[in-house]
file model-v3.tsv (TSV, C-alpha atoms)
chain	number	residue	atom	x	y	z
A	17	MET	CA	16.49	16.94	-6.23
A	18	ASP	CA	14.61	14.32	-8.23
A	19	HIS	CA	15.22	12.27	-11.36
A	20	PHE	CA	12.35	13.62	-13.49
A	21	GLN	CA	14.05	15.73	-16.16
A	22	ILE	CA	13.49	16.95	-19.72
A	23	ILE	CA	15.71	15.00	-22.15
A	24	ASN	CA	15.51	15.77	-25.87
A	25	GLY	CA	12.32	17.74	-25.38
A	26	GLU	CA	10.47	15.11	-23.34
A	27	LEU	CA	10.04	14.56	-19.61
A	28	HIS	CA	11.76	11.37	-18.48
A	29	ALA	CA	11.72	9.37	-15.26
A	30	GLU	CA	15.42	8.64	-14.95
A	31	ARG	CA	16.14	7.41	-18.51
A	32	VAL	CA	12.61	6.30	-19.41
A	33	PRO	CA	10.47	8.68	-21.51
A	34	LEU	CA	7.08	9.07	-19.88
A	35	SER	CA	5.35	8.67	-23.23
A	36	ARG	CA	6.64	5.09	-23.33
A	37	ILE	CA	4.99	4.33	-19.99
A	38	ALA	CA	1.74	5.92	-21.16
A	39	GLU	CA	1.76	3.86	-24.36
A	40	GLU	CA	2.46	0.55	-22.61
A	41	ILE	CA	0.53	0.97	-19.33
A	42	GLY	CA	-2.07	3.61	-20.12
A	43	THR	CA	-3.04	6.63	-18.08
A	44	PRO	CA	-3.52	7.73	-15.40
A	45	VAL	CA	-0.54	6.03	-13.79
A	46	TYR	CA	1.75	6.80	-10.86
A	47	VAL	CA	5.44	6.71	-11.74
A	48	TYR	CA	8.11	6.37	-9.04
A	49	SER	CA	11.86	6.83	-9.42
A	50	ARG	CA	14.01	4.32	-7.56
A	51	ALA	CA	17.07	6.58	-7.80
A	52	THR	CA	15.16	9.45	-6.18
A	53	LEU	CA	13.90	7.24	-3.35
A	54	GLU	CA	17.41	6.01	-2.64
A	55	ARG	CA	18.91	9.49	-2.76
A	56	HIS	CA	16.35	10.94	-0.37
A	57	ALA	CA	16.76	8.03	2.06
A	58	ARG	CA	20.52	8.52	2.10
A	59	VAL	CA	20.30	12.29	2.50
A	60	PHE	CA	18.01	11.83	5.51
A	61	ASN	CA	20.30	9.26	7.11
A	62	GLU	CA	23.34	11.45	6.51
A	63	ALA	CA	21.57	14.35	8.20
A	64	LEU	CA	21.39	12.28	11.41
A	65	SER	CA	24.99	11.02	11.27
A	66	ALA	CA	26.04	13.06	14.31
A	67	LEU	CA	23.58	11.19	16.55
A	68	PRO	CA	25.18	8.21	18.34
A	69	LYS	CA	21.97	6.20	18.80
A	70	LYS	CA	19.12	6.44	16.30
A	71	HIS	CA	16.40	4.42	14.59
A	72	VAL	CA	14.73	5.50	11.34
A	73	ALA	CA	11.33	4.03	10.44
A	74	PHE	CA	9.62	4.92	7.16
A	75	ALA	CA	6.04	6.16	7.66
A	76	ILE	CA	4.22	3.60	5.54
A	77	LYS	CA	1.04	5.67	5.35
A	78	ALA	CA	2.87	8.05	2.97
A	79	ASN	CA	3.30	5.31	0.36
A	80	PRO	CA	2.64	1.64	1.19
A	81	ASN	CA	3.57	0.19	-2.20
A	82	LEU	CA	5.60	-2.99	-1.65
A	83	ALA	CA	8.27	-2.00	-4.16
A	84	VAL	CA	8.72	1.36	-2.43
A	85	LEU	CA	8.94	-0.42	0.92
A	86	ARG	CA	11.55	-2.83	-0.44
A	87	VAL	CA	13.71	0.13	-1.47
A	88	MET	CA	13.35	1.55	2.04
A	89	GLN	CA	14.23	-1.82	3.56
A	90	ARG	CA	17.36	-2.04	1.40
A	91	GLU	CA	18.34	1.42	2.64
A	92	GLY	CA	18.15	0.21	6.23
A	93	PHE	CA	14.83	1.79	7.19
A	94	GLY	CA	12.38	0.19	9.58
A	95	ALA	CA	8.67	0.95	9.43
A	96	ASP	CA	6.19	3.17	11.23
A	97	VAL	CA	2.78	1.53	10.84
A	98	VAL	CA	-0.72	2.56	11.89
A	99	SER	CA	-2.74	-0.56	11.05
A	100	GLY	CA	-2.49	-4.31	10.86
A	101	GLY	CA	-2.50	-4.03	7.09
A	102	GLU	CA	0.54	-1.75	7.14
A	103	LEU	CA	2.27	-4.10	9.57
A	104	ALA	CA	1.71	-7.00	7.16
A	105	ARG	CA	3.12	-4.90	4.32
A	106	ALA	CA	6.24	-4.01	6.31
A	107	LEU	CA	6.91	-7.67	7.06
A	108	ALA	CA	6.25	-8.65	3.43
A	109	ALA	CA	8.81	-6.06	2.33
A	110	GLY	CA	11.41	-7.75	4.52
A	111	MET	CA	11.49	-5.27	7.39
A	112	PRO	CA	12.36	-7.09	10.63
A	113	GLY	CA	9.72	-7.07	13.33
A	114	GLN	CA	12.05	-5.42	15.82
A	115	ASP	CA	12.44	-2.46	13.44
A	116	ILE	CA	8.68	-1.78	13.31
A	117	VAL	CA	6.90	0.85	15.40
A	118	PHE	CA	3.09	0.61	15.71
A	119	SER	CA	1.42	4.01	16.09
A	120	GLY	CA	-2.23	5.11	15.85
A	121	VAL	CA	-5.05	5.99	18.22
A	122	GLY	CA	-7.41	3.13	17.39
A	123	LYS	CA	-5.44	-0.10	17.52
A	124	LEU	CA	-7.77	-3.09	17.61
A	125	GLU	CA	-7.25	-6.08	19.87
A	126	ARG	CA	-6.41	-8.26	16.88
A	127	GLU	CA	-3.86	-5.67	15.69
A	128	MET	CA	-2.18	-5.64	19.10
A	129	ILE	CA	-1.97	-9.43	18.97
A	130	GLN	CA	-0.63	-9.20	15.42
A	131	GLY	CA	2.10	-6.84	16.65
A	132	LEU	CA	3.01	-9.11	19.54
A	133	ASP	CA	3.12	-12.14	17.23
A	134	ALA	CA	5.46	-10.25	14.89
A	135	GLY	CA	7.77	-9.25	17.74
A	136	ILE	CA	7.61	-5.58	16.83
A	137	GLY	CA	10.09	-3.23	18.40
A	138	GLN	CA	7.68	-0.72	19.90
A	139	PHE	CA	4.04	0.17	20.40
A	140	ASN	CA	3.40	3.91	20.59
A	141	ILE	CA	0.60	4.07	23.15
A	142	GLU	CA	-1.85	6.93	22.54
A	143	SER	CA	-3.93	6.74	25.72
A	144	GLU	CA	-3.89	5.22	29.18
A	145	GLU	CA	-6.89	3.10	28.21
A	146	GLU	CA	-4.99	1.65	25.25
A	147	GLY	CA	-2.00	0.89	27.47
A	148	ILE	CA	-4.15	-0.97	29.99
A	149	GLU	CA	-5.71	-3.06	27.21
A	150	LEU	CA	-2.35	-3.88	25.64
A	151	ALA	CA	-0.88	-4.79	29.04
A	152	ALA	CA	-3.69	-7.28	29.68
A	153	ILE	CA	-3.31	-8.88	26.25
A	154	ALA	CA	0.47	-9.19	26.57
A	155	ALA	CA	0.36	-10.49	30.16
A	156	ALA	CA	-2.20	-13.16	29.24
A	157	ARG	CA	0.26	-14.40	26.63
A	158	GLY	CA	3.23	-14.29	29.00
A	159	GLN	CA	4.76	-11.38	27.08
A	160	ARG	CA	5.88	-7.83	27.76
A	161	ALA	CA	5.21	-5.24	25.08
A	162	ALA	CA	7.90	-2.61	24.55
A	163	CYS	CA	6.12	0.74	24.57
A	164	ALA	CA	6.52	4.48	24.32
A	165	LEU	CA	3.87	6.89	25.53
A	166	ARG	CA	2.84	9.40	22.89
A	167	VAL	CA	2.39	12.85	24.33
A	168	ASN	CA	0.48	15.81	22.95
A	169	PRO	CA	2.64	18.89	23.61
A	170	ASP	CA	-0.04	21.42	22.57
A	171	VAL	CA	2.22	22.97	19.94
A	172	ASP	CA	0.83	24.50	16.76
A	173	ALA	CA	2.76	22.99	13.84
A	174	ARG	CA	1.63	25.86	11.58
A	175	THR	CA	0.49	23.47	8.88
A	176	HIS	CA	-2.90	22.61	7.36
A	177	GLU	CA	-5.47	21.97	10.09
A	178	LYS	CA	-6.23	18.48	8.79
A	179	ILE	CA	-2.61	17.33	9.11
A	180	SER	CA	-1.86	19.05	12.41
A	181	THR	CA	-1.58	16.49	15.22
A	182	GLY	CA	0.07	18.17	18.20
A	183	LYS	CA	-2.50	20.70	19.45
A	184	ALA	CA	-4.64	20.14	22.52
A	185	GLU	CA	-7.79	19.69	20.42
A	186	ASN	CA	-6.23	16.96	18.25
A	187	LYS	CA	-6.98	13.31	18.98
A	188	PHE	CA	-3.38	12.12	19.24
A	189	GLY	CA	-1.41	11.33	22.39
A	190	VAL	CA	-1.96	12.20	26.03
A	191	PRO	CA	-1.75	15.75	27.43
A	192	ILE	CA	1.88	16.35	28.28
A	193	ASP	CA	0.99	17.79	31.69
A	194	ARG	CA	-0.60	14.42	32.62
A	195	ALA	CA	2.02	12.26	30.97
A	196	ALA	CA	4.24	11.62	34.00
A	197	GLY	CA	1.41	10.13	36.04
A	198	ILE	CA	0.11	8.02	33.15
A	199	TYR	CA	3.63	6.76	32.38
A	200	ALA	CA	4.16	5.69	36.00
A	201	ARG	CA	0.84	3.84	36.17
A	202	LEU	CA	1.48	2.03	32.88
A	203	ALA	CA	5.05	1.16	33.90
A	204	ALA	CA	3.65	-0.68	36.92
A	205	LEU	CA	1.58	-3.04	34.72
A	206	PRO	CA	3.10	-6.51	34.24
A	207	GLY	CA	2.50	-6.71	30.50
A	208	LEU	CA	4.30	-3.51	29.52
A	209	ASP	CA	7.92	-2.49	29.19
A	210	MET	CA	7.67	1.29	29.20
A	211	ARG	CA	10.86	2.47	27.58
A	212	GLY	CA	10.21	5.97	26.29
A	213	VAL	CA	8.06	8.77	24.97
A	214	ALA	CA	6.87	9.72	21.50
A	215	VAL	CA	5.72	12.94	19.85
A	216	HIS	CA	4.52	13.93	16.38
A	217	ILE	CA	2.98	17.35	15.86
A	218	GLY	CA	1.97	17.26	12.20
A	219	SER	CA	2.89	16.85	8.57
A	220	GLN	CA	4.28	19.13	5.85
A	221	LEU	CA	6.00	21.44	8.33
A	222	GLN	CA	7.59	24.51	6.80
A	223	HIS	CA	9.39	25.70	9.94
A	224	LEU	CA	11.62	23.99	12.50
A	225	GLN	CA	10.59	26.17	15.45
A	226	PRO	CA	7.38	24.24	16.26
A	227	LEU	CA	9.37	21.01	16.27
A	228	GLU	CA	12.01	22.54	18.53
A	229	ASP	CA	9.30	23.84	20.90
A	230	ALA	CA	7.79	20.34	21.10
A	231	PHE	CA	11.17	18.66	21.61
A	232	ILE	CA	12.06	21.03	24.45
A	233	LYS	CA	8.85	20.01	26.21
A	234	VAL	CA	9.64	16.34	25.64
A	235	GLY	CA	13.15	16.82	27.03
A	236	ALA	CA	11.70	18.34	30.20
A	237	LEU	CA	9.28	15.40	30.49
A	238	ILE	CA	12.12	12.88	30.16
A	239	ALA	CA	13.99	14.65	32.96
A	240	GLU	CA	10.85	14.58	35.13
A	241	LEU	CA	10.26	10.88	34.46
A	242	ARG	CA	13.82	9.99	35.38
A	243	ALA	CA	13.65	12.12	38.51
A	244	ASN	CA	10.59	10.06	39.47
A	245	GLY	CA	12.55	6.84	39.08
A	246	GLN	CA	11.21	5.85	35.66
A	247	THR	CA	13.33	4.34	32.91
A	248	VAL	CA	13.54	6.20	29.59
A	249	THR	CA	15.78	4.76	26.89
A	250	HIS	CA	13.97	5.85	23.71
A	251	ALA	CA	12.42	9.05	22.36
A	252	ASP	CA	10.38	8.91	19.16
A	253	LEU	CA	10.43	12.35	17.50
A	254	GLY	CA	8.01	11.44	14.72
A	255	GLY	CA	8.26	12.97	11.26
A	256	GLY	CA	6.63	15.90	9.53
A	257	LEU	CA	9.34	17.58	7.44
A	258	GLY	CA	7.74	19.29	4.48
A	259	VAL	CA	8.63	19.14	0.79
A	260	THR	CA	8.36	21.71	-1.97
A	261	TYR	CA	5.15	21.38	-3.96
A	262	LYS	CA	5.31	24.82	-5.56
A	263	ALA	CA	8.28	26.56	-7.17
A	264	GLY	CA	9.72	29.21	-4.87
A	265	GLU	CA	8.70	27.55	-1.62
A	266	VAL	CA	11.47	26.98	0.90
A	267	TYR	CA	11.41	24.17	3.45
A	268	PRO	CA	13.98	23.10	6.04
A	269	THR	CA	16.48	20.60	4.68
A	270	PRO	CA	17.14	17.28	6.40
A	271	ALA	CA	20.60	18.64	7.29
A	272	GLU	CA	19.06	21.66	9.05
A	273	TYR	CA	16.62	19.38	10.83
A	274	GLY	CA	19.39	17.01	11.92
A	275	ALA	CA	21.47	19.89	13.29
A	276	MET	CA	18.50	21.14	15.33
A	277	VAL	CA	17.82	17.67	16.71
A	278	ALA	CA	21.47	17.23	17.70
A	279	ARG	CA	21.46	20.60	19.45
A	280	VAL	CA	18.15	20.16	21.30
A	281	CYS	CA	18.02	16.41	21.92
A	282	GLY	CA	21.63	15.27	21.75
A	283	GLY	CA	22.08	15.27	25.52
A	284	TRP	CA	19.09	13.08	26.38
A	285	ASP	CA	21.08	9.81	26.39
A	286	VAL	CA	18.37	7.91	24.53
A	287	THR	CA	17.94	6.21	21.18
A	288	LEU	CA	16.31	8.88	19.04
A	289	MET	CA	13.65	7.54	16.68
A	290	PHE	CA	12.39	9.14	13.47
A	291	GLU	CA	9.41	8.50	11.18
A	292	PRO	CA	10.00	10.28	7.86
A	293	GLY	CA	7.50	9.73	5.08
A	294	ARG	CA	6.67	12.57	2.71
A	295	VAL	CA	10.22	13.95	2.77
A	296	ILE	CA	11.46	10.64	1.37
A	297	VAL	CA	8.80	9.78	-1.23
A	298	GLY	CA	6.98	13.03	-2.08
A	299	ASN	CA	9.20	14.19	-4.92
A	300	ALA	CA	10.03	10.63	-5.96
A	301	GLY	CA	6.72	10.21	-7.79
A	302	VAL	CA	4.51	11.85	-10.41
A	303	LEU	CA	0.98	11.15	-11.58
A	304	LEU	CA	1.05	10.81	-15.37
A	305	THR	CA	-2.20	11.84	-17.06
A	306	ARG	CA	-3.57	12.66	-20.51
A	307	ALA	CA	-5.72	15.61	-21.56
A	308	ILE	CA	-9.15	14.37	-22.67
A	309	ARG	CA	-10.21	17.67	-24.14
A	310	VAL	CA	-9.92	21.42	-23.70
A	311	LYS	CA	-13.28	23.11	-23.06
A	312	ARG	CA	-13.97	26.81	-23.20
A	313	SER	CA	-15.68	28.35	-20.17
A	314	SER	CA	-18.05	31.29	-19.88
A	315	ASN	CA	-15.20	33.68	-19.06
A	316	ASN	CA	-12.97	32.30	-21.82
A	317	THR	CA	-10.57	30.58	-19.42
A	318	PRO	CA	-10.44	27.01	-20.72
A	319	PHE	CA	-10.96	23.87	-18.71
A	320	VAL	CA	-8.24	21.31	-19.35
A	321	ILE	CA	-10.04	18.04	-18.59
A	322	VAL	CA	-7.58	15.26	-17.78
A	323	ASP	CA	-8.15	11.55	-17.27
A	324	ALA	CA	-6.80	11.64	-13.69
A	325	ALA	CA	-9.35	12.59	-11.06
A	326	MET	CA	-9.88	13.25	-7.38
A	327	ASN	CA	-10.25	9.52	-6.78
A	328	ASP	CA	-6.67	9.07	-8.06
A	329	LEU	CA	-5.11	12.10	-6.34
A	330	ALA	CA	-7.26	13.35	-3.48
A	331	ARG	CA	-5.02	16.02	-1.94
A	332	PRO	CA	-6.25	19.01	-3.99
A	333	ALA	CA	-9.90	18.18	-3.26
A	334	MET	CA	-9.26	17.39	0.42
A	335	TYR	CA	-6.74	20.07	1.35
A	336	GLY	CA	-6.75	22.55	-1.50
A	337	ALA	CA	-3.22	21.27	-2.08
A	338	TRP	CA	-0.99	22.51	-4.91
A	339	HIS	CA	0.72	20.13	-7.33
A	340	ASP	CA	2.84	21.55	-10.14
A	341	PHE	CA	1.37	20.54	-13.50
A	342	GLU	CA	3.71	20.16	-16.48
A	343	ALA	CA	3.47	18.94	-20.05
A	344	VAL	CA	5.47	15.84	-20.89
A	345	ARG	CA	6.47	17.43	-24.21
A	346	PRO	CA	6.44	21.19	-23.57
A	347	THR	CA	6.39	23.41	-26.66
A	348	GLY	CA	7.38	26.60	-24.90
A	349	GLN	CA	3.88	28.01	-25.29
A	350	ARG	CA	1.85	28.83	-22.19
A	351	MET	CA	-1.83	29.12	-21.33
A	352	THR	CA	-3.98	29.97	-18.34
A	353	ALA	CA	-6.51	27.27	-17.57
A	354	HIS	CA	-8.56	25.42	-15.01
A	355	ILE	CA	-7.32	21.84	-14.58
A	356	VAL	CA	-10.12	19.42	-13.75
A	357	GLY	CA	-10.91	15.72	-13.78
A	358	PRO	CA	-13.90	13.80	-15.17
A	359	ILE	CA	-15.64	12.99	-11.88
A	360	CYS	CA	-19.15	14.32	-11.34
A	361	GLU	CA	-18.12	16.69	-8.52
A	362	THR	CA	-17.15	20.35	-8.63
A	363	GLY	CA	-14.51	19.35	-6.09
A	364	ASP	CA	-12.76	17.31	-8.79
A	365	THR	CA	-10.59	20.34	-9.52
A	366	PHE	CA	-6.79	20.34	-9.41
A	367	ALA	CA	-6.19	24.03	-10.11
A	368	MET	CA	-8.03	27.18	-11.13
A	369	ASP	CA	-6.61	29.99	-13.25
A	370	ARG	CA	-3.23	28.22	-13.35
A	371	GLU	CA	-0.57	29.27	-15.86
A	372	ILE	CA	0.58	26.00	-17.44
A	373	ASP	CA	2.25	24.56	-20.50
A	374	ALA	CA	-0.14	24.84	-23.43
A	375	LEU	CA	-2.03	21.57	-23.98
A	376	VAL	CA	-4.45	20.16	-26.52
A	377	ALA	CA	-6.52	16.98	-26.40
A	378	GLY	CA	-4.31	13.90	-26.26
A	379	ASP	CA	-1.26	15.62	-24.73
A	380	LEU	CA	0.43	14.02	-21.76
A	381	ALA	CA	1.14	15.90	-18.53
A	382	VAL	CA	2.19	15.16	-14.96
A	383	PHE	CA	1.19	16.24	-11.51
A	384	ARG	CA	4.49	16.60	-9.68
A	385	THR	CA	5.32	15.62	-6.10
A	386	ALA	CA	2.75	12.83	-6.11
A	387	GLY	CA	4.83	10.11	-4.48
A	388	ALA	CA	3.36	10.69	-1.01
A	389	TYR	CA	-0.33	10.48	-0.11
A	390	GLY	CA	-1.22	9.80	-3.74
A	391	ALA	CA	-2.14	6.26	-4.73
A	392	THR	CA	-2.51	5.29	-1.07
A	393	MET	CA	-5.47	7.70	-0.69
A	394	ALA	CA	-7.16	6.62	-3.92
A	395	SER	CA	-10.75	5.40	-4.10
A	396	SER	CA	-13.11	3.90	-6.68
A	397	TYR	CA	-15.51	6.84	-6.59
A	398	ASN	CA	-17.72	7.05	-9.69
A	399	SER	CA	-16.79	3.38	-10.26
A	400	ARG	CA	-13.54	4.44	-11.85
A	401	GLY	CA	-11.28	1.70	-10.50
A	402	PHE	CA	-7.80	2.14	-9.04
A	403	VAL	CA	-4.82	3.67	-10.81
A	404	ALA	CA	-1.75	1.60	-11.77
A	405	GLU	CA	1.69	2.24	-10.28
A	406	VAL	CA	5.08	1.91	-11.98
A	407	MET	CA	8.66	2.06	-10.71
A	408	VAL	CA	11.54	3.15	-12.93
A	409	ASP	CA	15.11	1.95	-12.48
A	410	GLY	CA	17.49	3.57	-14.94
A	411	ASP	CA	16.29	2.72	-18.45
A	412	GLN	CA	13.78	0.08	-17.34
A	413	PHE	CA	10.45	0.10	-15.56
A	414	ALA	CA	8.02	-2.36	-14.04
A	415	VAL	CA	4.39	-2.27	-12.99
A	416	VAL	CA	4.44	-2.41	-9.17
A	417	ALA	CA	0.65	-2.19	-8.71
A	418	ASP	CA	-1.84	-3.37	-11.32
A	419	ARG	CA	-4.63	-1.14	-12.50
A	420	ILE	CA	-7.78	-2.44	-10.78
A	421	VAL	CA	-10.62	-2.08	-13.25
A	422	PRO	CA	-14.22	-1.39	-12.17
A	423	GLU	CA	-15.28	-4.89	-13.18
A	424	ALA	CA	-12.85	-6.41	-10.69
A	425	ILE	CA	-14.29	-4.26	-7.91
A	426	SER	CA	-17.91	-5.10	-8.72
A	427	ALA	CA	-16.97	-8.80	-8.94
A	428	ALA	CA	-16.36	-8.70	-5.18
A	429	GLU	CA	-19.93	-7.50	-4.55
A	430	ARG	CA	-22.94	-9.72	-3.99
A	431	VAL	CA	-26.68	-9.33	-4.53
A	432	PRO	CA	-28.54	-11.26	-1.79
A	433	ALA	CA	-30.89	-14.00	-2.85
A	434	TRP	CA	-33.88	-12.14	-1.44
A	435	LEU	CA	-33.36	-9.42	-4.09
A	436	ASP	CA	-33.55	-11.87	-6.98
call {"tool": "encode", "arguments": {"input": "model-v3.tsv", "output": "structure tokens"}}
result
Amino acid sequence: MDHFQIINGELHAERVPLSRIAEEIGTPVYVYSRATLERHARVFNEALSALPKKHVAFAIKANPNLAVLRVMQREGFGADVVSGGELARALAAGMPGQDIVFSGVGKLEREMIQGLDAGIGQFNIESEEEGIELAAIAAARGQRAACALRVNPDVDARTHEKISTGKAENKFGVPIDRAAGIYARLAALPGLDMRGVAVHIGSQLQHLQPLEDAFIKVGALIAELRANGQTVTHADLGGGLGVTYKAGEVYPTPAEYGAMVARVCGGWDVTLMFEPGRVIVGNAGVLLTRAIRVKRSSNNTPFVIVDAAMNDLARPAMYGAWHDFEAVRPTGQRMTAHIVGPICETGDTFAMDREIDALVAGDLAVFRTAGAYGATMASSYNSRGFVAEVMVDGDQFAVVADRIVPEAISAAERVPAWLD
């Protein structure tokens, strides 16, 4: 459920008509619903209520906007970060250091130091080499870094190949059949406090079975580690639950996920850790856009050219992803059209031969389910600048990220003196 509904013939975010946002802020613009964010956070937490020991960290990569993070912080979420920049954002949003988990395969030395300085709760180590480097840094500072070893269970998540992370050919984690030996060697290093294992097999998962298969393997590894005399107090199960982008799709609910976790992992006697992202913010945001013009094509299927583009919402160009496209003021009439942006790339295409609400030049429309991996993946390609972001709260709204115009971007560039 979300809080984007038709009221008196116009699509609203909560109680704010989207045309009002377009008039005051311009388009394109991302619009987030605070009520939807809060509802999804609470539904996820309720789904895990049967677990005696748990820690939930919002995956900041899904949406790093500070206002979004503040909502998550107020709902009791920690943060899953994958860069020093995300770590800084989590702290700025008020998330305590001990509630932050630092993941990612390419942590830099300065980022490890940044994490140690912040007193983060856990580093998810992705390789033995990384663990050795972190141990040396921590020991030189007289510290011990709390760590989990991320394992690669070689499980096919059955999702898009570019967001699958748990197969043997993916870059994440250590092979699970080598994990026990690596864990023991890292546990012997003076700068590390090895306290658990971590796993994450992919994003936008439509089925629970791949997750269950991975968790069963992790459970067997925990038993092996303990039999070898190792301490295991935490198990990070990652994230990956999918959301509905297209009407008629069915995805596991947080309640179904929580029941599976309780059944498979409930006897491990560990603190179970979770890193939801898309499932919290995906349907809490839309990308509001305006039709520039409608252009006839050679086969008479029109192109609806909108002012949003692949630099604002990259998922369709990158993954062939579907986003429902709806008029802000639907008339009841329908048309079949190609929906494209203004960028000089054929790839700047959101949909082909899509049945949509009938639009003419100047009409407003939204791309639905744009709260995750939307603005955070934006670029300034074609010198278009960066899209603004807005958060709605009841009948009010505020700009939570300014539109960055092309002139501001070029102002940061320099021509060297030897080119004058």
call {"tool": "residues_around", "arguments": {"input": "model-v3.tsv", "residues": "Met17 in chain A", "least_positions_apart": "4", "cutoff": "10 Å", "atoms": "only C-alpha atoms", "output": "NGL selection string"}}
result
:A and (52 or 55-56 or 299-300)
call {"tool": "closest_atom_pairs", "arguments": {"input": "model-v3.tsv", "of": "range 93-144 of chain A", "to": "range 197-204 of chain A", "cutoff": "12 Å", "atoms": "all atoms listed in the file", "output": "CSV"}}
result
residue,atom,partner,partner_atom,distance
A:Ile141,CA,A:Leu202,CA,10.0
A:Glu142,CA,A:Ile198,CA,10.8
A:Ser143,CA,A:Ile198,CA,8.6
A:Glu144,CA,A:Ile198,CA,6.3
call {"tool": "atom_distance", "arguments": {"input": "model-v3.tsv", "atom1": "CA of Ala381 in chain A", "atom2": "CA of Arg312 in chain A"}}
result
19.2 Å
call {"tool": "atom_distance", "arguments": {"input": "model-v3.tsv", "atom1": "CA of Ala239 in chain A", "atom2": "CA of Ala95 in chain A"}}
result
27.7 Å
call {"tool": "closest_atom_pairs", "arguments": {"input": "model-v3.tsv", "of": "range 259-341 of chain A", "to": "range 28-42 of chain A", "cutoff": "9 Å", "atoms": "all atoms listed in the file", "output": "Markdown table"}}
result
| residue | atom | partner | partner_atom | distance |
| --- | --- | --- | --- | --- |
| A:Leu304 | CA | A:Ala38 | CA | 7.6 |
| A:Thr305 | CA | A:Ala38 | CA | 8.2 |
| A:Arg306 | CA | A:Ala38 | CA | 8.6 |
call {"tool": "residues_around", "arguments": {"input": "model-v3.tsv", "residues": "Glu291 in chain A", "least_positions_apart": "5", "cutoff": "10 Å", "atoms": "only C-alpha atoms", "output": "JSON, numbers by chain"}}
result
{"A": [71, 72, 73, 74, 75, 76, 93, 94, 95, 96, 97, 117, 216, 252, 253, 254, 255, 256, 257]}
call {"tool": "closest_residue", "arguments": {"input": "model-v3.tsv", "among": "A:Met111, A:Ala63, A:Ala414, A:Val297", "to": "Met276 in chain A", "atoms": "all atoms listed in the file"}}
result
A:Ala63
call {"tool": "closest_residue", "arguments": {"input": "model-v3.tsv", "among": "A:Val277, A:Phe290, A:Thr362, A:Arg157", "to": "Gln225 in chain A", "atoms": "all atoms listed in the file"}}
result
A:Val277
call {"tool": "residues_around", "arguments": {"input": "model-v3.tsv", "residues": "Gln159 in chain A", "least_positions_apart": "3", "cutoff": "9 Å", "atoms": "all atoms listed in the file", "output": "PyMOL selection string"}}
result
chain A and resi 132+151+153-156+206-208
call {"tool": "residues_around", "arguments": {"input": "model-v3.tsv", "residues": "Asn140 in chain A", "least_positions_apart": "3", "cutoff": "8 Å", "atoms": "all atoms listed in the file", "output": "ChimeraX atom specification"}}
result
/A:117-120,163-166,214
call {"tool": "atom_distance", "arguments": {"input": "model-v3.tsv", "atom1": "CA of Arg105 in chain A", "atom2": "CA of Ala51 in chain A"}}
result
21.8 Å
call {"tool": "residues_around", "arguments": {"input": "model-v3.tsv", "residues": "Leu205 in chain A", "least_positions_apart": "6", "cutoff": "10 Å", "atoms": "all atoms listed in the file", "output": "PDB file with C-alpha atoms, keeping the file's coordinate frame"}}
result
ATOM      1  CA  GLY A 147      -2.000   0.890  27.470  1.00  0.00           C
ATOM      2  CA  ILE A 148      -4.150  -0.970  29.990  1.00  0.00           C
ATOM      3  CA  LEU A 150      -2.350  -3.880  25.640  1.00  0.00           C
ATOM      4  CA  ALA A 151      -0.880  -4.790  29.040  1.00  0.00           C
ATOM      5  CA  ALA A 152      -3.690  -7.280  29.680  1.00  0.00           C
ATOM      6  CA  ALA A 155       0.360 -10.490  30.160  1.00  0.00           C
ATOM      7  CA  ARG A 160       5.880  -7.830  27.760  1.00  0.00           C
TER       8      ARG A 160
END
call {"tool": "residues_near_point", "arguments": {"input": "model-v3.tsv", "point": "(3.5, 30.4, -19.1)", "cutoff": "6 Å", "atoms": "all atoms listed in the file", "output": "PDB file with C-alpha atoms, in the frame of the given file"}}
result
ATOM      1  CA  ARG A 350       1.850  28.830 -22.190  1.00  0.00           C
ATOM      2  CA  MET A 351      -1.830  29.120 -21.330  1.00  0.00           C
ATOM      3  CA  GLU A 371      -0.570  29.270 -15.860  1.00  0.00           C
ATOM      4  CA  ILE A 372       0.580  26.000 -17.440  1.00  0.00           C
TER       5      ILE A 372
END
call {"tool": "closest_residue", "arguments": {"input": "model-v3.tsv", "among": "A:Val310, A:Ser99, A:Val382, A:Ser396", "to": "Glu125 in chain A", "atoms": "only C-alpha atoms"}}
result
A:Ser99
call {"tool": "closest_atom_pairs", "arguments": {"input": "model-v3.tsv", "of": "range 36-149 of chain A", "to": "range 416-419 of chain A", "cutoff": "8 Å", "atoms": "only C-alpha atoms", "output": "JSON lines"}}
result
{"residue": "A:Asn81", "atom": "CA", "partner": "A:Val416", "partner_atom": "CA", "distance": 7.5}
{"residue": "A:Leu82", "atom": "CA", "partner": "A:Val416", "partner_atom": "CA", "distance": 7.6}
{"residue": "A:Ala83", "atom": "CA", "partner": "A:Val416", "partner_atom": "CA", "distance": 6.3}
call {"tool": "write_last_selection", "arguments": {"input": "model-v3.tsv", "atoms": "C-alpha atoms", "output": "PDB file, keeping the file's coordinate frame"}}
result
ATOM      1  CA  ASN A  81       3.570   0.190  -2.200  1.00  0.00           C
ATOM      2  CA  LEU A  82       5.600  -2.990  -1.650  1.00  0.00           C
ATOM      3  CA  ALA A  83       8.270  -2.000  -4.160  1.00  0.00           C
TER       4      ALA A  83
END
call {"tool": "closest_residue", "arguments": {"input": "model-v3.tsv", "among": "A:Ala343, A:Leu435, A:Ile425, A:Val121", "to": "Leu27 in chain A", "atoms": "only C-alpha atoms"}}
result
A:Ala343
call {"tool": "closest_residue", "arguments": {"input": "model-v3.tsv", "among": "A:Val322, A:Val406, A:Ala427, A:Val190", "to": "Asn168 in chain A", "atoms": "all atoms listed in the file"}}
result
A:Val190
